[in-house]
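Beneath this line is the structure, given in structure tokens, with notes to follow.
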Amino acid sequence: MTSLDSVIVPPDYDPETDAGEFMNPVMLAYFRKALLEWKKELLHAMSETIENTLQATNLQKPDLADRASEETDHALELRTKDRTRKLIKKIDEALIRIDEGEYGYCEETGDPISIARLKARPNATLSIEAQERHERKEKTQRD
């Protein structure tokens, strides 16, 4: 049990309107709860995918077109599952940053990440500006 487990987040709480200190205990508890709920939803969806799709897949179709279609669907499901697994890892890393007091701050600059960005992407590790620089650098290296 972390110290944030005892912090009560009001049902109508909005961190964007919180006039208190950046990443105060209520704000941290809000984002911790959001991350845990997101992780729970992803794990539930992934287990349903495994149960409903992957276990029901029969790649031994006599028709080559049917088999190819099934294999393509199966590969897509596996890629989706892998992306979900990576996202869950990023959520876990965000939860660790909350516990270590580093959550909400840009890994590159140390500046606070905007609350609006964290609400949209609670596992964000870069401010919008740092993310844009990172993407521009990636694009120029690709081109």
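Letters A, B, ... go to the chains of the structure tokens in the order shown; residues in each chain start at 1; ligands are counted from 1 in the same order.
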> DSSP says alpha helix (DSSP H) for which residues of chain A? Put them as number ranges by chain?
Replying inline: A: 25-49, 64-100, 115-120, 128-142
>> Residues near Phe22 in chain A, anyone? I mean within 9 Å using only C-alpha atoms, not counting same-chain ones fewer than 4 positions away, as a PyMOL selection string.
In response: chain A and resi 18+27+104+112
Considering only C-alpha atoms, tabulate each residue of range 27-113 of chain A that lies at most 10 Å from range 129-136 of chain A along with its nearest interatomic pair and the corresponding distance in Å to one decimal; arrange the rows by chain and ascending residue number and present them as CSV.
residue,atom,partner,partner_atom,distance
A:Cys106,CA,A:Ala130,CA,7.8
A:Glu107,CA,A:Ala130,CA,8.9
A:Glu108,CA,A:Ala130,CA,6.9
A:Thr109,CA,A:Ala130,CA,7.6
A:Asp111,CA,A:Ala130,CA,9.8
A:Ile113,CA,A:Glu129,CA,9.5
Keeping C-alpha atoms for every residue in the selection just given, could you write it to a file as a CSV table (one decimal), in the first residue's frame?
chain,number,residue,atom,x,y,z
A,106,CYS,CA,9.7,15.9,-18.7
A,107,GLU,CA,12.5,13.3,-18.8
A,108,GLU,CA,14.4,15.4,-21.2
A,109,THR,CA,14.1,18.9,-19.7
A,111,ASP,CA,10.1,20.8,-16.8
A,113,ILE,CA,4.4,18.3,-18.4
